[in-house]
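data.txt (compact mmCIF, C-alpha atoms and all ligand atoms)
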# COMPACT_ATOMS: atom_id res chain seq x y z
CA MET A 1 157.33 -81.19 -4.21
CA ASN A 2 156.10 -82.62 -0.93
CA LYS A 3 158.23 -82.17 2.13
CA LEU A 4 159.09 -85.37 3.94
CA ASN A 5 159.09 -85.28 7.74
CA HIS A 6 158.22 -88.77 8.83
CA VAL A 7 158.35 -92.27 7.30
CA ALA A 8 156.78 -95.23 9.14
CA PHE A 9 157.42 -98.90 8.45
CA ILE A 10 155.38 -102.03 9.13
CA MET A 11 158.25 -104.44 8.60
CA ASP A 12 156.29 -107.57 7.83
CA GLY A 13 157.47 -110.86 6.34
CA ASN A 14 160.47 -111.84 8.47
CA GLY A 15 158.99 -115.16 9.54
CA ARG A 16 158.03 -116.23 6.04
CA TRP A 17 161.47 -115.20 4.75
CA GLY A 18 163.25 -117.41 7.33
CA GLN A 19 160.95 -120.33 6.59
CA LYS A 20 161.49 -119.96 2.86
CA LYS A 21 165.22 -120.33 3.46
CA ASN A 22 164.53 -123.39 5.67
CA LYS A 23 166.16 -121.67 8.61
CA GLY A 24 163.11 -120.94 10.73
CA ARG A 25 161.15 -117.77 11.49
CA ASN A 26 163.68 -116.34 13.93
CA PHE A 27 166.41 -116.28 11.30
CA GLY A 28 164.16 -113.90 9.37
CA HIS A 29 163.92 -111.60 12.39
CA PHE A 30 167.70 -111.70 12.73
CA LYS A 31 168.13 -110.67 9.08
CA GLY A 32 165.44 -108.02 9.44
CA VAL A 33 167.65 -106.04 11.83
CA GLU A 34 170.22 -105.53 9.05
CA VAL A 35 167.57 -103.89 6.90
CA VAL A 36 166.60 -101.59 9.77
CA LYS A 37 170.23 -100.47 10.14
CA LYS A 38 170.51 -99.73 6.41
CA ILE A 39 167.25 -97.76 6.34
CA VAL A 40 168.38 -95.66 9.31
CA GLU A 41 171.72 -94.88 7.60
CA LYS A 42 169.99 -93.93 4.37
CA SER A 43 167.42 -91.78 6.15
CA ILE A 44 170.22 -89.82 7.83
CA LYS A 45 171.85 -89.28 4.42
CA LEU A 46 168.54 -88.15 2.94
CA LYS A 47 167.89 -85.89 5.95
CA VAL A 48 164.56 -87.53 6.80
CA PRO A 49 163.85 -86.10 10.27
CA ILE A 50 161.82 -89.00 11.74
CA ILE A 51 161.46 -92.70 11.01
CA THR A 52 159.22 -95.13 12.86
CA PHE A 53 159.47 -98.92 12.93
CA TYR A 54 156.64 -101.19 14.10
CA VAL A 55 158.66 -103.68 16.12
CA PHE A 56 156.14 -105.49 18.32
CA SER A 57 152.36 -105.13 18.47
CA THR A 58 150.06 -105.66 21.45
CA GLU A 59 148.69 -108.63 19.46
CA ASN A 60 152.12 -110.20 18.92
CA TRP A 61 151.89 -111.67 22.46
CA LYS A 62 149.77 -114.38 20.78
CA ARG A 63 152.96 -115.79 19.22
CA PRO A 64 154.94 -118.68 20.74
CA LYS A 65 157.00 -117.71 23.77
CA SER A 66 160.21 -118.75 22.06
CA GLU A 67 159.63 -116.28 19.21
CA ILE A 68 158.68 -113.47 21.59
CA ASN A 69 161.84 -114.08 23.63
CA PHE A 70 163.93 -114.15 20.50
CA LEU A 71 162.52 -110.79 19.39
CA PHE A 72 163.12 -109.16 22.78
CA ASN A 73 166.65 -110.56 22.96
CA LEU A 74 167.33 -109.23 19.49
CA ILE A 75 166.40 -105.73 20.64
CA ILE A 76 168.52 -106.05 23.79
CA LYS A 77 171.47 -107.33 21.77
CA TYR A 78 171.08 -104.57 19.22
CA PHE A 79 171.42 -101.87 21.86
CA ASP A 80 174.20 -103.74 23.69
CA GLN A 81 176.26 -103.78 20.52
CA GLU A 82 175.18 -100.59 18.80
CA LEU A 83 174.26 -97.99 21.42
CA ASN A 84 177.66 -96.25 21.27
CA ARG A 85 177.42 -96.00 17.51
CA VAL A 86 173.80 -94.82 17.76
CA VAL A 87 174.91 -92.02 20.11
CA LEU A 88 177.84 -91.02 17.86
CA ASN A 89 175.64 -90.96 14.76
CA GLY A 90 173.31 -88.38 16.30
CA ILE A 91 170.31 -90.72 16.49
CA LYS A 92 167.65 -89.96 19.05
CA ILE A 93 165.73 -93.04 20.19
CA ASN A 94 162.06 -92.59 21.00
CA ILE A 95 159.71 -95.40 22.04
CA ILE A 96 155.95 -95.59 21.60
CA GLY A 97 153.87 -98.32 23.23
CA LYS A 98 153.22 -99.80 26.63
CA ILE A 99 156.78 -100.44 27.71
CA ASN A 100 156.17 -100.51 31.44
CA ILE A 101 154.80 -104.06 31.25
CA LEU A 102 157.76 -105.43 29.26
CA PRO A 103 160.30 -107.76 30.92
CA ILE A 104 162.77 -105.83 33.09
CA LYS A 105 165.81 -106.51 30.91
CA ILE A 106 164.39 -105.01 27.75
CA LYS A 107 162.81 -102.16 29.67
CA LYS A 108 166.22 -101.25 31.10
CA SER A 109 167.85 -101.45 27.70
CA LEU A 110 165.21 -99.19 26.13
CA LYS A 111 165.35 -96.66 28.97
CA GLU A 112 169.13 -96.46 28.74
CA SER A 113 169.00 -95.91 24.97
CA ILE A 114 166.44 -93.11 25.39
CA LYS A 115 168.53 -91.45 28.10
CA LYS A 116 171.84 -91.64 26.28
CA THR A 117 170.44 -90.31 23.00
CA LYS A 118 168.05 -87.66 24.27
CA LYS A 119 170.19 -84.72 23.15
CA ASN A 120 170.78 -86.07 19.65
CA LYS A 121 169.38 -84.08 16.77
CA LYS A 122 170.19 -85.72 13.46
CA ILE A 123 167.22 -88.08 13.27
CA ILE A 124 164.53 -89.48 15.54
CA VAL A 125 164.25 -93.26 15.35
CA ASN A 126 160.91 -94.07 16.83
CA LEU A 127 160.32 -97.70 17.83
CA ALA A 128 156.79 -99.01 18.34
CA ILE A 129 157.16 -101.74 20.95
CA ASN A 130 154.16 -103.37 22.60
CA TYR A 131 152.21 -100.82 20.61
CA GLY A 132 148.52 -101.00 19.78
CA SER A 133 146.68 -98.10 18.23
CA ARG A 134 143.22 -98.85 19.64
CA ASP A 135 144.64 -99.00 23.16
CA GLU A 136 146.46 -95.75 22.51
CA ILE A 137 143.27 -93.99 21.40
CA VAL A 138 141.21 -95.31 24.34
CA ASN A 139 143.88 -94.09 26.75
CA ALA A 140 144.04 -90.70 25.05
CA CYS A 141 140.27 -90.38 25.47
CA LYS A 142 140.51 -91.27 29.15
CA LYS A 143 143.27 -88.72 29.68
CA SER A 144 141.23 -86.07 27.85
CA LYS A 145 138.53 -86.45 30.51
CA LYS A 146 135.47 -84.36 29.64
CA LYS A 147 137.17 -82.21 27.05
CA ILE A 148 137.32 -84.62 24.12
CA ASN A 149 138.27 -82.95 20.84
CA LEU A 150 140.84 -83.43 18.06
CA GLN A 151 143.50 -81.57 19.96
CA SER A 152 142.97 -83.22 23.33
CA ILE A 153 143.22 -86.67 21.77
CA SER A 154 146.26 -85.84 19.60
CA LYS A 155 148.17 -84.47 22.53
CA ASN A 156 147.50 -87.54 24.67
CA LEU A 157 148.69 -90.10 22.13
CA TYR A 158 152.17 -91.64 22.40
CA THR A 159 153.01 -89.60 19.31
CA LYS A 160 152.08 -86.27 20.91
CA ASN A 161 155.46 -84.71 20.05
CA LEU A 162 155.72 -86.13 16.54
CA PRO A 163 154.16 -85.09 13.24
CA ASN A 164 151.93 -87.67 11.52
CA PRO A 165 153.72 -90.00 9.10
CA ASP A 166 153.88 -88.71 5.52
CA ILE A 167 154.65 -92.18 4.20
CA LEU A 168 153.73 -95.63 5.50
CA ILE A 169 155.54 -98.59 3.97
CA ARG A 170 154.29 -102.11 4.69
CA THR A 171 156.32 -104.96 3.28
CA GLY A 172 155.22 -108.60 3.18
CA GLY A 173 152.37 -108.36 0.67
CA ARG A 174 149.46 -107.89 3.08
CA LYS A 175 147.31 -104.79 2.68
CA ARG A 176 146.30 -104.05 6.24
CA LEU A 177 147.29 -101.82 9.16
CA SER A 178 147.35 -104.43 11.96
CA ASN A 179 146.44 -101.90 14.66
CA PHE A 180 149.18 -99.45 13.72
CA MET A 181 148.74 -95.66 14.06
CA LEU A 182 145.05 -95.69 13.07
CA TRP A 183 144.65 -92.05 14.11
CA GLN A 184 147.96 -90.78 12.76
CA LEU A 185 147.63 -92.34 9.30
CA ALA A 186 144.47 -90.44 8.31
CA TYR A 187 146.24 -88.62 5.44
CA THR A 188 149.39 -90.69 5.04
CA GLU A 189 150.52 -91.95 1.61
CA ILE A 190 150.51 -95.75 1.95
CA TYR A 191 152.81 -98.09 0.05
CA PHE A 192 152.13 -101.84 0.22
CA ILE A 193 155.17 -103.73 -1.01
CA ASN A 194 155.15 -107.40 -1.95
CA LYS A 195 158.75 -108.09 -0.93
CA LEU A 196 159.34 -109.63 2.49
CA TRP A 197 161.10 -107.27 4.94
CA PRO A 198 164.58 -108.91 4.76
CA ASP A 199 164.47 -108.46 0.96
CA PHE A 200 163.54 -104.76 1.14
CA LYS A 201 166.36 -102.73 -0.42
CA ILE A 202 167.58 -99.14 -0.15
CA ASN A 203 166.66 -98.81 -3.78
CA ASP A 204 163.02 -99.72 -3.00
CA PHE A 205 163.03 -97.04 -0.30
CA GLU A 206 164.45 -94.42 -2.68
CA LYS A 207 161.85 -95.21 -5.34
CA ILE A 208 159.04 -94.73 -2.82
CA ILE A 209 160.42 -91.38 -1.70
CA ILE A 210 160.71 -90.18 -5.30
CA ASP A 211 157.10 -91.23 -5.95
CA PHE A 212 155.90 -89.56 -2.74
CA LYS A 213 157.56 -86.25 -3.61
CA ARG A 214 155.44 -85.83 -6.73
CA VAL A 215 152.08 -87.03 -5.34
CA LYS A 216 149.39 -84.36 -5.11
CA ARG A 217 148.26 -84.40 -1.50
CA ASN A 218 144.81 -82.90 -1.10
CA PHE A 219 143.89 -83.28 2.57
CA GLY A 220 140.27 -83.02 1.45
CA SER A 221 140.81 -79.93 -0.66
CA ILE A 222 141.24 -79.95 -4.47
C1 LIG B 301 157.91 -109.28 11.32
O1 LIG B 301 157.34 -110.11 10.44
C2 LIG B 301 156.93 -108.63 12.24
C3 LIG B 301 157.30 -108.70 13.66
C4 LIG B 301 156.44 -109.02 14.59
C5 LIG B 301 158.66 -108.35 14.07
P1 LIG B 301 156.50 -111.40 10.84
O2 LIG B 301 157.13 -112.09 11.99
O3 LIG B 301 155.08 -111.03 11.04
O4 LIG B 301 156.68 -112.28 9.55
P2 LIG B 301 155.53 -113.04 8.77
O5 LIG B 301 154.51 -112.03 8.40
O6 LIG B 301 154.98 -114.07 9.70
O7 LIG B 301 156.22 -113.61 7.59
C1 LIG B 302 152.45 -106.32 12.08
O1 LIG B 302 152.74 -107.54 11.57
C2 LIG B 302 153.21 -106.10 13.37
C3 LIG B 302 154.63 -105.75 13.23
C4 LIG B 302 155.25 -105.60 12.11
C5 LIG B 302 155.32 -105.55 14.48
P1 LIG B 302 151.90 -108.84 11.97
O2 LIG B 302 152.51 -109.96 11.22
O3 LIG B 302 151.81 -108.98 13.45
O4 LIG B 302 150.45 -108.51 11.41
P2 LIG B 302 149.23 -109.49 11.11
O5 LIG B 302 148.95 -110.26 12.36
O6 LIG B 302 149.67 -110.40 10.01
O7 LIG B 302 148.12 -108.60 10.69
MG MG B 303 153.47 -110.90 9.79

Show me the file's structure as structure tokens.
Amino acid sequence: MNKLNHVAFIMDGNGRWGQKKNKGRNFGHFKGVEVVKKIVEKSIKLKVPIITFYVFSTENWKRPKSEINFLFNLIIKYFDQELNRVVLNGIKINIIGKINILPIKIKKSLKESIKKTKKNKKIIVNLAINYGSRDEIVNACKKSKKKINLQSISKNLYTKNLPNPDILIRTGGRKRLSNFMLWQLAYTEIYFINKLWPDFKINDFEKIIIDFKRVKRNFGSI
């Protein structure tokens, strides 16, 4: 049986879900947070050491300002309301992405959540915010200077301290990576799910993990 260290999520489909309900795209984002909370709880129960959520991509700046603001406010509100519980539950928050260029308010909120949870050991919840994989790789090459090899690049990525994802789950029915962890996903088991993110259930998550455990992973061997 395969050991599970790291599950990553591209939580796609919030906007379409909100529109389908005639309540607008942002309502879908609002509902999406509930699913994140449930997945984190379940992952703690299942003793999954690391989970990553793709929250905001470097390309998501192309969206209307009102939606971008809504998303950032949702993150700020989440930590305002939940940080104490996050600390008590043993969750360590890690952020990947270019956070230094984010608006001051969200930057502060993220920094505080990292600081207050840094000693926690139960699970790492890794949030990809203003994250773009191509950017990440270019920067890792620059930092490697003349000594470019597999190791020098790996250790200069945002994910330098994390193992590669074993599972990637993308909801929302699209079969693409949208500039997410292009380097780290080289041997990841990928699950494309048709359900929109707010409809994704714990049961769907469990089924994927059961399937993953029995997959024969070759890593190029036989
Ligand atoms: C959530 O889904 C992804 C985020 C940027 C948070 P979308 O907002 O992309 O929803 P769809 O794909 O337009 O339905
Ligand atoms: C991927 O979803 C980004 C996040 C989930 C944060 P998008 O909705 O931005 O992806 P594309 O643009 O449809 O490929
Ligand atoms: Mg989308």

Practice prompt. Record the distance separating CA of Val125 (chain A) and CA of Asn94 (chain A), expressed in Å with one decimal.
Written response: 6.1 Å

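The shortest atom-to-atom distance to ligand LIG 301 (chain B), with all atoms listed in the file taken into account, belongs to A:Ser178 out of A:Ser178, A:Asn100, A:Ser113, A:Gln81.
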
Worksheet, complete the sentence: In terms of only C-alpha atoms, the residue from A:Asn203, A:Glu59, A:Thr188, A:Asn120 at minimal distance from Lys216 (chain A) is A:Thr188

Worksheet item: So how far away is CA of Leu150 (chain A) from CA of Arg134 (chain A), in Å?
Response: 15.7 Å

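Atom to atom, atom C3 of ligand LIG 301 (chain B) and CA of Phe79 (chain A) stand 17.7 Å apart.
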
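Those protein and nucleic acid residues that have any atom within 10 Å of ligand MG 303 (chain B) are, using all atoms listed in the file, A:Ile10, A:Met11, A:Asp12, A:Gly13, A:Asn14, A:Gly15, A:Arg16, A:Asn60, A:Thr171, A:Gly172, A:Gly173, A:Arg174, A:Ser178, A:Leu196, A:Trp197.
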
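Proximity to ligand LIG 302 (chain B) was assessed for A:Ser43, A:Thr58, A:Asn22, A:Asn218 counting all atoms listed in the file; the smallest distance is recorded for A:Thr58.
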
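Nearest-residue note for Tyr78 (chain A): choosing from A:Leu182, A:Ile124, A:Val33, A:Ile91, the minimum distance belongs to A:Val33, counting only C-alpha atoms.
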